[in-house]
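The next block holds one structure in the form of structure tokens; read it before the comments.
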Amino acid sequence: MSPDRIYLPAAGHHWALPFYDPLVRLLGLDAARNALLDQAAVGSSHRVLDIGCGTGSLAVLLKTRCPGADVVGLDPDPKALARARRKAGQAGLVIHFDQGFSDEQPYPPGSFDRVFSSFMFHHLETETKVKTVSEVRRVLKPGGSFHMLDFGGPEDRTGGLFARLIHSRQRRKDNAESRILTLMSQGGLAGSKKVVDRAVFFGTLRFSYYRASAPAAVSDSGQALPKKIAGAEIHHLKTTLATRNE
């Protein structure tokens with residue numbers, strides 16, 4: 001991992017990190033994360049990855065709900081990871097937290113049964129989103145699934161005032177349903193779909209749940225064949241997304 005690489009922290013600004021968890025609780029987003037876990041059907045034998053885990057709220061919730069699962073969190077922010085490790089320790093939970101980026105995951109192919117993304121995807125630039133989905137596909141076991149929760153895109157005009165205030169138009173535009181489903185499908189995931197839309201905080205904050213799966217493809221030797229997007233495919237996908245946005 002490059003120590004000079006710039007990233008957008010969980011709270012939007014490094015100075016705001018101490019206020020992140022209280023704000024999440026105030027807005028009712030922990031309940032939204034519980035619903036995300038409901039759709040994933042995590043088993044006690046599963047190995048699970050939370051990309052962009054931030055202060056570890058989802059990872060701790062997951063381990064609490066399913067103590068037998070092997071839970072791993074990944075985030076580039078060392079200060080957020082320190083809070084995540086402290087949070088897990090206070091809860092008496094064993095969770096492994098790694099420092100790293102979602103588009104450069106330090107894990108072998110086929111390492112996880114489930115991969116989660118919770119209110120992280122909108123932080124990423126388009127090319128990083130493309131590479132992130134490719135990495136999710138690579139680290140998922142055949143038949144494993146990806147579960148994502150994030151703010152709604154600009155096509156949602158029925159609410160989401162709070163999201164419009166705290167997130168730029170460009171980032172919300174890149175979180176449109178059609179763009180996310182395109183990313184998932186062209187990244188090699190199967191059955192990509194939006195599961196449901198929900199709202200909290202008197203309807204001023206709207207978000208969407210997505211899921212997709214890694215195809216159960218195997219080679220002649222029976223080994224998984226994870227797909228990774230090549231440079232030419234990344235360029236093609238960026239062109240496709242730009243065209244859809246016009």
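So you can find residues: chains in the structure tokens are A, B, ... in the order shown, residues in each start at 1, and ligands are numbered from 1 in order.
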Identify, on the basis of only C-alpha atoms, every residue whose closest approach to stretch 27-41 of chain A does not exceed 10 Å; exclude the query and any residue fewer than 4 positions from it along the same chain; express the result as a PyMOL selection string. chain A and resi 21-23+46+57-58+61-62+65-66+114-119+145-150+195+198-202+204-205+207-211
Those residues with C-alpha atoms, as an mmCIF file, in the first residue's frame please?
```
data_model
loop_
_atom_site.group_PDB
_atom_site.id
_atom_site.type_symbol
_atom_site.label_atom_id
_atom_site.label_comp_id
_atom_site.auth_asym_id
_atom_site.auth_seq_id
_atom_site.Cartn_x
_atom_site.Cartn_y
_atom_site.Cartn_z
ATOM 1 C CA ASP A 21 -19.959 7.018 15.257
ATOM 2 C CA PRO A 22 -22.258 9.380 17.216
ATOM 3 C CA LEU A 23 -23.596 10.776 13.929
ATOM 4 C CA HIS A 46 -18.008 -18.344 6.540
ATOM 5 C CA SER A 57 -19.186 -0.906 13.244
ATOM 6 C CA LEU A 58 -20.368 -3.411 10.641
ATOM 7 C CA LEU A 61 -22.099 -6.134 14.468
ATOM 8 C CA LEU A 62 -21.441 -9.089 12.168
ATOM 9 C CA ARG A 65 -24.481 -11.773 15.374
ATOM 10 C CA CYS A 66 -22.408 -14.672 14.040
ATOM 11 C CA ARG A 114 -19.107 -12.861 1.693
ATOM 12 C CA VAL A 115 -17.846 -9.354 0.995
ATOM 13 C CA PHE A 116 -19.605 -6.283 2.392
ATOM 14 C CA SER A 117 -19.484 -2.578 1.597
ATOM 15 C CA SER A 118 -21.363 -0.246 3.939
ATOM 16 C CA PHE A 119 -21.652 3.476 3.099
ATOM 17 C CA SER A 145 -21.773 -13.036 -2.625
ATOM 18 C CA PHE A 146 -21.209 -9.274 -2.439
ATOM 19 C CA HIS A 147 -23.598 -7.144 -0.372
ATOM 20 C CA MET A 148 -23.565 -3.366 -0.576
ATOM 21 C CA LEU A 149 -25.383 -0.568 1.233
ATOM 22 C CA ASP A 150 -24.966 3.026 0.074
ATOM 23 C CA VAL A 195 -32.675 -5.403 -3.346
ATOM 24 C CA ARG A 198 -35.035 2.592 2.434
ATOM 25 C CA ALA A 199 -35.007 5.911 4.269
ATOM 26 C CA VAL A 200 -34.244 7.131 7.786
ATOM 27 C CA PHE A 201 -34.206 10.422 9.674
ATOM 28 C CA PHE A 202 -37.731 11.401 8.630
ATOM 29 C CA THR A 204 -34.219 12.945 4.546
ATOM 30 C CA LEU A 205 -31.563 10.236 4.154
ATOM 31 C CA PHE A 207 -30.078 4.576 0.686
ATOM 32 C CA SER A 208 -30.138 1.394 -1.379
ATOM 33 C CA TYR A 209 -29.194 -2.248 -0.851
ATOM 34 C CA TYR A 210 -27.476 -4.227 -3.614
ATOM 35 C CA ARG A 211 -26.286 -7.786 -4.001
#
```
Nearest to A:Ile95, restricted to only C-alpha atoms and choosing among A:Arg206, A:His14, A:Lys79, A:Arg47, comes out as A:Arg47
List every residue of stretch 78-201 of chain A that DSSP, applied to the backbone of this structure, places in strand (DSSP E or B), and write the result as a PyMOL selection string. chain A and resi 96-99+112-118+140-151+190-200
Generate the output file for the selected residues, C-alpha atoms, as an mmCIF file, in the first residue's frame.
```
data_model
loop_
_atom_site.group_PDB
_atom_site.id
_atom_site.type_symbol
_atom_site.label_atom_id
_atom_site.label_comp_id
_atom_site.auth_asym_id
_atom_site.auth_seq_id
_atom_site.Cartn_x
_atom_site.Cartn_y
_atom_site.Cartn_z
ATOM 1 C CA HIS A 96 -8.700 -9.019 12.103
ATOM 2 C CA PHE A 97 -8.311 -5.486 10.728
ATOM 3 C CA ASP A 98 -5.941 -4.754 7.831
ATOM 4 C CA GLN A 99 -4.788 -1.430 6.443
ATOM 5 C CA PHE A 112 -14.059 -15.038 1.246
ATOM 6 C CA ASP A 113 -17.631 -16.357 1.259
ATOM 7 C CA ARG A 114 -19.107 -12.861 1.693
ATOM 8 C CA VAL A 115 -17.846 -9.354 0.995
ATOM 9 C CA PHE A 116 -19.605 -6.283 2.392
ATOM 10 C CA SER A 117 -19.484 -2.578 1.597
ATOM 11 C CA SER A 118 -21.363 -0.246 3.939
ATOM 12 C CA LEU A 140 -14.845 -14.095 -3.489
ATOM 13 C CA LYS A 141 -15.091 -17.854 -3.504
ATOM 14 C CA PRO A 142 -17.119 -19.342 -6.394
ATOM 15 C CA GLY A 143 -20.753 -18.854 -5.427
ATOM 16 C CA GLY A 144 -19.860 -16.298 -2.749
ATOM 17 C CA SER A 145 -21.773 -13.036 -2.625
ATOM 18 C CA PHE A 146 -21.209 -9.274 -2.439
ATOM 19 C CA HIS A 147 -23.598 -7.144 -0.372
ATOM 20 C CA MET A 148 -23.565 -3.366 -0.576
ATOM 21 C CA LEU A 149 -25.383 -0.568 1.233
ATOM 22 C CA ASP A 150 -24.966 3.026 0.074
ATOM 23 C CA PHE A 151 -26.673 6.341 -0.489
ATOM 24 C CA ALA A 190 -23.568 -12.435 -11.582
ATOM 25 C CA GLY A 191 -27.178 -11.735 -10.671
ATOM 26 C CA SER A 192 -26.496 -8.083 -9.869
ATOM 27 C CA LYS A 193 -29.599 -6.384 -8.512
ATOM 28 C CA LYS A 194 -30.892 -3.688 -6.210
ATOM 29 C CA VAL A 195 -32.675 -5.403 -3.346
ATOM 30 C CA VAL A 196 -34.584 -2.494 -1.817
ATOM 31 C CA ASP A 197 -34.575 1.244 -1.075
ATOM 32 C CA ARG A 198 -35.035 2.592 2.434
ATOM 33 C CA ALA A 199 -35.007 5.911 4.269
ATOM 34 C CA VAL A 200 -34.244 7.131 7.786
#
```
Counting only C-alpha atoms, which of A:Thr55, A:Ser45, A:Gln186, A:Ser111 gets nearest to A:Lys131?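 When distances to A:Lys131 are compared using only C-alpha atoms, the smallest one comes from A:Gln186.
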What is the distance, in Å and to one decimal place, between atom CA of A:Val60 and atom CA of A:Ala91? 8.0 Å
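In terms of minimum interatomic distance to A:Glu125, A:Ser102 ranks closest within A:Ser102, A:Asp77, A:Gly110, A:Arg83, counting only C-alpha atoms.
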